[in-house]
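Enquirer: What follows is input_33.cif, made up of mmCIF, C-alpha atoms, pLDDT in the B column; chains and numbers go by the auth columns:
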```
data_target
loop_
_atom_site.group_PDB
_atom_site.id
_atom_site.type_symbol
_atom_site.label_atom_id
_atom_site.label_comp_id
_atom_site.label_asym_id
_atom_site.label_seq_id
_atom_site.Cartn_x
_atom_site.Cartn_y
_atom_site.Cartn_z
_atom_site.B_iso_or_equiv
_atom_site.auth_seq_id
_atom_site.auth_asym_id
ATOM 1 C CA MET A 1 7.086 -30.372 -22.558 52.00 1 K
ATOM 2 C CA ASP A 2 4.437 -29.430 -25.063 57.00 2 K
ATOM 3 C CA LYS A 3 4.188 -25.836 -26.303 59.00 3 K
ATOM 4 C CA ARG A 4 0.855 -25.109 -24.602 58.00 4 K
ATOM 5 C CA ARG A 5 2.237 -25.960 -21.193 57.00 5 K
ATOM 6 C CA ALA A 6 5.344 -23.824 -21.759 56.00 6 K
ATOM 7 C CA ILE A 7 3.226 -20.852 -22.825 59.00 7 K
ATOM 8 C CA GLY A 8 0.849 -21.399 -19.910 56.00 8 K
ATOM 9 C CA SER A 9 3.688 -21.313 -17.378 54.00 9 K
ATOM 10 C CA TRP A 10 5.001 -18.113 -18.936 57.00 10 K
ATOM 11 C CA LEU A 11 1.573 -16.453 -18.758 61.00 11 K
ATOM 12 C CA SER A 12 0.954 -17.462 -15.156 63.00 12 K
ATOM 13 C CA GLY A 13 4.308 -16.094 -14.042 66.00 13 K
ATOM 14 C CA PRO A 14 7.416 -17.359 -12.326 67.00 14 K
ATOM 15 C CA ARG A 15 5.728 -17.994 -8.982 65.00 15 K
ATOM 16 C CA ALA A 16 3.202 -20.410 -10.515 68.00 16 K
ATOM 17 C CA ALA A 17 5.982 -22.215 -12.361 67.00 17 K
ATOM 18 C CA LEU A 18 7.993 -22.583 -9.145 68.00 18 K
ATOM 19 C CA GLU A 19 4.942 -23.758 -7.199 66.00 19 K
ATOM 20 C CA GLU A 20 4.281 -26.342 -9.893 72.00 20 K
ATOM 21 C CA ALA A 21 7.871 -27.515 -9.482 72.00 21 K
ATOM 22 C CA GLY A 22 7.272 -28.045 -5.748 67.00 22 K
ATOM 23 C CA ALA A 23 8.307 -24.787 -4.060 69.00 23 K
ATOM 24 C CA ASP A 24 6.156 -23.757 -1.096 66.00 24 K
ATOM 25 C CA PHE A 25 5.744 -19.998 -0.627 71.00 25 K
ATOM 26 C CA GLY A 26 3.020 -20.129 2.015 76.00 26 K
ATOM 27 C CA TYR A 27 0.424 -17.408 2.271 84.00 27 K
ATOM 28 C CA ARG A 28 0.984 -13.655 2.228 83.00 28 K
ATOM 29 C CA GLY A 29 2.106 -12.530 5.684 83.00 29 K
ATOM 30 C CA GLU A 30 3.150 -15.936 6.988 84.00 30 K
ATOM 31 C CA ARG A 31 6.798 -14.841 7.305 84.00 31 K
ATOM 32 C CA LEU A 32 5.645 -11.816 9.299 85.00 32 K
ATOM 33 C CA GLY A 33 3.595 -13.885 11.743 85.00 33 K
ATOM 34 C CA LEU A 34 0.240 -12.553 10.518 88.00 34 K
ATOM 35 C CA PRO A 35 -2.920 -14.652 10.066 90.00 35 K
ATOM 36 C CA GLU A 36 -3.907 -15.877 6.620 86.00 36 K
ATOM 37 C CA THR A 37 -7.428 -14.397 6.656 87.00 37 K
ATOM 38 C CA GLY A 38 -9.576 -12.143 8.775 87.00 38 K
ATOM 39 C CA PRO A 39 -8.573 -9.215 10.982 92.00 39 K
ATOM 40 C CA GLY A 40 -4.830 -8.683 11.139 88.00 40 K
ATOM 41 C CA SER A 41 -4.152 -10.356 7.786 90.00 41 K
ATOM 42 C CA ILE A 42 -2.377 -8.495 5.003 92.00 42 K
ATOM 43 C CA ALA A 43 -4.728 -6.284 3.013 91.00 43 K
ATOM 44 C CA GLY A 44 -5.335 -7.147 -0.614 89.00 44 K
ATOM 45 C CA PRO A 45 -4.180 -4.892 -3.431 89.00 45 K
ATOM 46 C CA GLY A 46 -7.721 -3.973 -4.537 92.00 46 K
ATOM 47 C CA ARG A 47 -8.685 -2.501 -1.186 94.00 47 K
ATOM 48 C CA ARG A 48 -5.358 -0.747 -0.864 93.00 48 K
ATOM 49 C CA LEU A 49 -5.642 0.907 -4.274 93.00 49 K
ATOM 50 C CA ALA A 50 -9.244 1.917 -3.602 96.00 50 K
ATOM 51 C CA ALA A 51 -8.224 3.469 -0.279 96.00 51 K
ATOM 52 C CA VAL A 52 -5.427 5.464 -1.939 95.00 52 K
ATOM 53 C CA ALA A 53 -7.887 6.622 -4.623 96.00 53 K
ATOM 54 C CA VAL A 54 -10.302 7.866 -1.950 98.00 54 K
ATOM 55 C CA ASP A 55 -7.491 9.655 -0.090 97.00 55 K
ATOM 56 C CA TRP A 56 -6.271 11.233 -3.323 96.00 56 K
ATOM 57 C CA GLY A 57 -9.822 12.357 -4.151 96.00 57 K
ATOM 58 C CA VAL A 58 -10.205 13.963 -0.724 96.00 58 K
ATOM 59 C CA SER A 59 -6.839 15.680 -1.120 96.00 59 K
ATOM 60 C CA LEU A 60 -7.779 16.927 -4.565 93.00 60 K
ATOM 61 C CA LEU A 61 -11.089 18.312 -3.288 93.00 61 K
ATOM 62 C CA ILE A 62 -9.340 20.119 -0.434 93.00 62 K
ATOM 63 C CA ALA A 63 -6.757 21.599 -2.806 93.00 63 K
ATOM 64 C CA TYR A 64 -9.438 22.521 -5.342 90.00 64 K
ATOM 65 C CA GLY A 65 -11.828 24.122 -2.886 89.00 65 K
ATOM 66 C CA LEU A 66 -9.667 25.636 -0.191 89.00 66 K
ATOM 67 C CA ILE A 67 -6.239 26.359 -1.636 88.00 67 K
ATOM 68 C CA THR A 68 -6.400 27.118 -5.348 88.00 68 K
ATOM 69 C CA ASP A 69 -10.053 28.266 -5.455 80.00 69 K
ATOM 70 C CA GLY A 70 -10.838 26.296 -8.595 77.00 70 K
ATOM 71 C CA TYR A 71 -8.906 24.129 -10.986 76.00 71 K
ATOM 72 C CA ARG A 72 -5.533 25.518 -11.955 79.00 72 K
ATOM 73 C CA GLN A 73 -2.219 23.991 -12.958 83.00 73 K
ATOM 74 C CA ALA A 74 -1.033 24.082 -9.360 88.00 74 K
ATOM 75 C CA THR A 75 -4.028 22.131 -8.005 90.00 75 K
ATOM 76 C CA GLY A 76 -2.332 18.763 -8.508 89.00 76 K
ATOM 77 C CA ASN A 77 0.819 19.914 -6.721 91.00 77 K
ATOM 78 C CA TRP A 78 -1.178 21.251 -3.798 94.00 78 K
ATOM 79 C CA ALA A 79 -3.181 18.022 -3.738 94.00 79 K
ATOM 80 C CA LEU A 80 0.053 16.043 -3.409 95.00 80 K
ATOM 81 C CA LEU A 81 1.092 18.209 -0.459 96.00 81 K
ATOM 82 C CA VAL A 82 -2.336 17.775 1.164 96.00 82 K
ATOM 83 C CA PHE A 83 -2.116 14.008 0.555 97.00 83 K
ATOM 84 C CA PHE A 84 1.314 13.912 2.198 97.00 84 K
ATOM 85 C CA VAL A 85 0.140 15.875 5.255 97.00 85 K
ATOM 86 C CA LEU A 86 -3.110 13.890 5.512 97.00 86 K
ATOM 87 C CA SER A 87 -1.286 10.571 5.306 97.00 87 K
ATOM 88 C CA THR A 88 1.457 11.550 7.733 97.00 88 K
ATOM 89 C CA LEU A 89 -0.881 12.943 10.380 96.00 89 K
ATOM 90 C CA THR A 90 -3.565 10.274 10.255 97.00 90 K
ATOM 91 C CA VAL A 91 -1.291 7.226 9.951 96.00 91 K
ATOM 92 C CA GLY A 92 1.051 8.657 12.591 95.00 92 K
ATOM 93 C CA THR A 93 -1.757 9.196 15.099 95.00 93 K
ATOM 94 C CA ILE A 94 -4.612 6.720 14.513 95.00 94 K
ATOM 95 C CA GLY A 95 -2.938 4.333 12.053 94.00 95 K
ATOM 96 C CA SER A 96 -5.414 4.884 9.261 96.00 96 K
ATOM 97 C CA THR A 97 -6.319 7.493 6.647 97.00 97 K
ATOM 98 C CA PRO A 98 -9.966 8.235 5.796 97.00 98 K
ATOM 99 C CA GLY A 99 -9.752 5.971 2.727 97.00 99 K
ATOM 100 C CA LYS A 100 -8.174 3.155 4.695 96.00 100 K
ATOM 101 C CA ARG A 101 -10.803 3.507 7.412 97.00 101 K
ATOM 102 C CA LEU A 102 -13.553 3.384 4.781 97.00 102 K
ATOM 103 C CA PHE A 103 -12.199 0.092 3.409 97.00 103 K
ATOM 104 C CA GLY A 104 -11.395 -1.427 6.802 96.00 104 K
ATOM 105 C CA LEU A 105 -7.604 -1.126 6.664 96.00 105 K
ATOM 106 C CA ARG A 106 -4.949 0.138 9.036 96.00 106 K
ATOM 107 C CA VAL A 107 -1.182 0.478 9.061 96.00 107 K
ATOM 108 C CA ILE A 108 0.762 -1.202 11.854 95.00 108 K
ATOM 109 C CA SER A 109 4.414 -1.317 12.776 94.00 109 K
ATOM 110 C CA LEU A 110 6.047 -4.730 12.739 88.00 110 K
ATOM 111 C CA ASP A 111 7.904 -3.921 15.968 88.00 111 K
ATOM 112 C CA THR A 112 5.365 -2.276 18.263 87.00 112 K
ATOM 113 C CA GLY A 113 2.050 -2.362 16.432 85.00 113 K
ATOM 114 C CA LEU A 114 1.781 1.429 16.570 90.00 114 K
ATOM 115 C CA VAL A 115 3.133 3.606 13.792 94.00 115 K
ATOM 116 C CA ARG A 116 5.105 6.455 15.300 93.00 116 K
ATOM 117 C CA PRO A 117 5.173 9.840 13.508 93.00 117 K
ATOM 118 C CA PRO A 118 8.741 9.473 12.117 94.00 118 K
ATOM 119 C CA ARG A 119 7.818 6.171 10.466 94.00 119 K
ATOM 120 C CA ALA A 120 4.582 7.670 9.173 96.00 120 K
ATOM 121 C CA LEU A 121 6.581 10.563 7.734 96.00 121 K
ATOM 122 C CA LEU A 122 8.996 8.207 5.948 95.00 122 K
ATOM 123 C CA ARG A 123 6.165 5.989 4.695 95.00 123 K
ATOM 124 C CA SER A 124 4.167 8.966 3.386 95.00 124 K
ATOM 125 C CA ALA A 125 7.171 10.542 1.667 95.00 125 K
ATOM 126 C CA LEU A 126 7.950 7.284 -0.117 93.00 126 K
ATOM 127 C CA LEU A 127 4.284 6.802 -1.004 93.00 127 K
ATOM 128 C CA CYS A 128 4.206 10.245 -2.611 93.00 128 K
ATOM 129 C CA LEU A 129 7.135 9.241 -4.821 92.00 129 K
ATOM 130 C CA ALA A 130 4.837 6.446 -6.160 88.00 130 K
ATOM 131 C CA VAL A 131 7.660 4.191 -7.425 83.00 131 K
ATOM 132 C CA PRO A 132 8.336 2.517 -4.037 84.00 132 K
ATOM 133 C CA ALA A 133 4.635 1.729 -3.723 85.00 133 K
ATOM 134 C CA LEU A 134 4.715 -0.107 -7.065 86.00 134 K
ATOM 135 C CA ILE A 135 7.531 -2.470 -6.042 88.00 135 K
ATOM 136 C CA TRP A 136 6.106 -5.324 -3.932 86.00 136 K
ATOM 137 C CA ASP A 137 7.646 -8.247 -2.109 86.00 137 K
ATOM 138 C CA ARG A 138 6.125 -11.720 -1.940 82.00 138 K
ATOM 139 C CA ASP A 139 4.060 -10.749 1.105 85.00 139 K
ATOM 140 C CA GLY A 140 2.357 -7.985 -0.888 84.00 140 K
ATOM 141 C CA ARG A 141 4.085 -5.138 0.956 89.00 141 K
ATOM 142 C CA GLY A 142 5.265 -2.174 -1.035 90.00 142 K
ATOM 143 C CA LEU A 143 8.835 -0.948 -0.794 91.00 143 K
ATOM 144 C CA HIS A 144 7.571 2.051 1.179 92.00 144 K
ATOM 145 C CA ASP A 145 6.181 -0.337 3.815 93.00 145 K
ATOM 146 C CA ARG A 146 9.364 -2.432 3.895 91.00 146 K
ATOM 147 C CA LEU A 147 11.606 0.586 4.419 92.00 147 K
ATOM 148 C CA ALA A 148 9.330 2.007 7.131 93.00 148 K
ATOM 149 C CA ARG A 149 8.949 -1.491 8.694 93.00 149 K
ATOM 150 C CA THR A 150 5.178 -1.275 8.515 94.00 150 K
ATOM 151 C CA VAL A 151 2.424 -3.417 7.032 94.00 151 K
ATOM 152 C CA GLU A 152 -1.120 -2.610 5.931 93.00 152 K
ATOM 153 C CA VAL A 153 -3.602 -5.052 7.468 94.00 153 K
ATOM 154 C CA ARG A 154 -7.349 -5.570 7.566 93.00 154 K
ATOM 155 C CA MET A 155 -9.277 -4.403 10.624 92.00 155 K
#
```
Could you write out this structure as structure tokens?
Expert:
Amino acid sequence: MDKRRAIGSWLSGPRAALEEAGADFGYRGERLGLPETGPGSIAGPGRRLAAVAVDWGVSLLIAYGLITDGYRQATGNWALLVFFVLSTLTVGTIGSTPGKRLFGLRVISLDTGLVRPPRALLRSALLCLAVPALIWDRDGRGLHDRLARTVEVRM
């Protein structure tokens, strides 16, 4: 193997090297029985991050304007609490936060399709910890979604 090919496989990651060797991973969501594209397919990371940014911005504005009456050290902590409540209530009732709705996303349960409030509570608590959301499986689901047995799909 020449050096350029070895470096190229390292840069593209282990999945690309395994696919080149003949392993078939399928598309994201295939193991979950979801379509490859269109409504009901797993949402991409760009849309998901944008939706979380919008939800965080809304939470920060609510904390800034209604709770702390201006920017103070506690504004970020209050914003996290508002984000938690916003996420729990909206995902647990309609399956989507304002940011997710804006980007055409919703959260569904793998079992029933509807996210019940206890699952929404667990998912939101893990999302607020941030670390579980940064650990993804090969389907693109964060650890918070795996533990809550949910998946974020396109509408």
Enquirer: Could you give me the axis-aligned bounding box of segment 135-150 of chain K, with 5 Å of padding per side, as centre plus edge lengths in Å to one decimal, as lines of an AutoDock Vina configuration file?
Expert:
```
center_x = 7.0
center_y = -4.8
center_z = 1.3
size_x = 19.2
size_y = 23.8
size_z = 24.7
```
Enquirer: Would you kindly return, as a PDB file with C-alpha atoms, in the frame of the given file, each protein, DNA or RNA residue with an atom no farther than 10 Å from any atom of Ser124 of chain K, considering all atoms listed in the file and excluding same-chain residues fewer than 4 positions away?
Expert:
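Output file out_23.pdb is given in full below:
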```
ATOM      1  CA  PHE K  83      -2.116  14.008   0.555  1.00 97.00           C
ATOM      2  CA  PHE K  84       1.314  13.912   2.198  1.00 97.00           C
ATOM      3  CA  VAL K  85       0.140  15.875   5.255  1.00 97.00           C
ATOM      4  CA  LEU K  86      -3.110  13.890   5.512  1.00 97.00           C
ATOM      5  CA  SER K  87      -1.286  10.571   5.306  1.00 97.00           C
ATOM      6  CA  THR K  88       1.457  11.550   7.733  1.00 97.00           C
ATOM      7  CA  LEU K  89      -0.881  12.943  10.380  1.00 96.00           C
ATOM      8  CA  VAL K  91      -1.291   7.226   9.951  1.00 96.00           C
ATOM      9  CA  GLY K  92       1.051   8.657  12.591  1.00 95.00           C
ATOM     10  CA  PRO K 118       8.741   9.473  12.117  1.00 94.00           C
ATOM     11  CA  ARG K 119       7.818   6.171  10.466  1.00 94.00           C
ATOM     12  CA  ALA K 120       4.582   7.670   9.173  1.00 96.00           C
ATOM     13  CA  CYS K 128       4.206  10.245  -2.611  1.00 93.00           C
ATOM     14  CA  LEU K 129       7.135   9.241  -4.821  1.00 92.00           C
ATOM     15  CA  ALA K 130       4.837   6.446  -6.160  1.00 88.00           C
ATOM     16  CA  HIS K 144       7.571   2.051   1.179  1.00 92.00           C
ATOM     17  CA  ASP K 145       6.181  -0.337   3.815  1.00 93.00           C
ATOM     18  CA  ALA K 148       9.330   2.007   7.131  1.00 93.00           C
TER      19      ALA K 148
END
```
Enquirer: Restricting the calculation to all atoms listed in the file: of K:Leu134, K:Leu102, K:Val107, K:Leu126, which residue gets closest to Asp55 of chain K?
Expert: K:Leu102
Enquirer: Measure the distance from atom CA of Ala63 of chain K to atom CA of Thr75 of chain K in Å and round it to one decimal.
Expert: 5.9 Å
Enquirer: Give me, as a list of chain:residue names, all polymer residues having an atom no more than 12 Å from Gly46 of chain K, counting all atoms listed in the file and skipping those fewer than 6 positions away in the same chain.
Expert: K:Val52, K:Ala53, K:Lys100, K:Phe103, K:Leu105, K:Gly140
Enquirer: Could you write out that same residue set with C-alpha atoms as a compact mmCIF listing (two decimals), keeping the file's coordinate frame?
Expert:
```txt
# COMPACT_ATOMS: atom_id res chain seq x y z
CA VAL K 52 -5.43 5.46 -1.94
CA ALA K 53 -7.89 6.62 -4.62
CA LYS K 100 -8.17 3.16 4.70
CA PHE K 103 -12.20 0.09 3.41
CA LEU K 105 -7.60 -1.13 6.66
CA GLY K 140 2.36 -7.98 -0.89
```
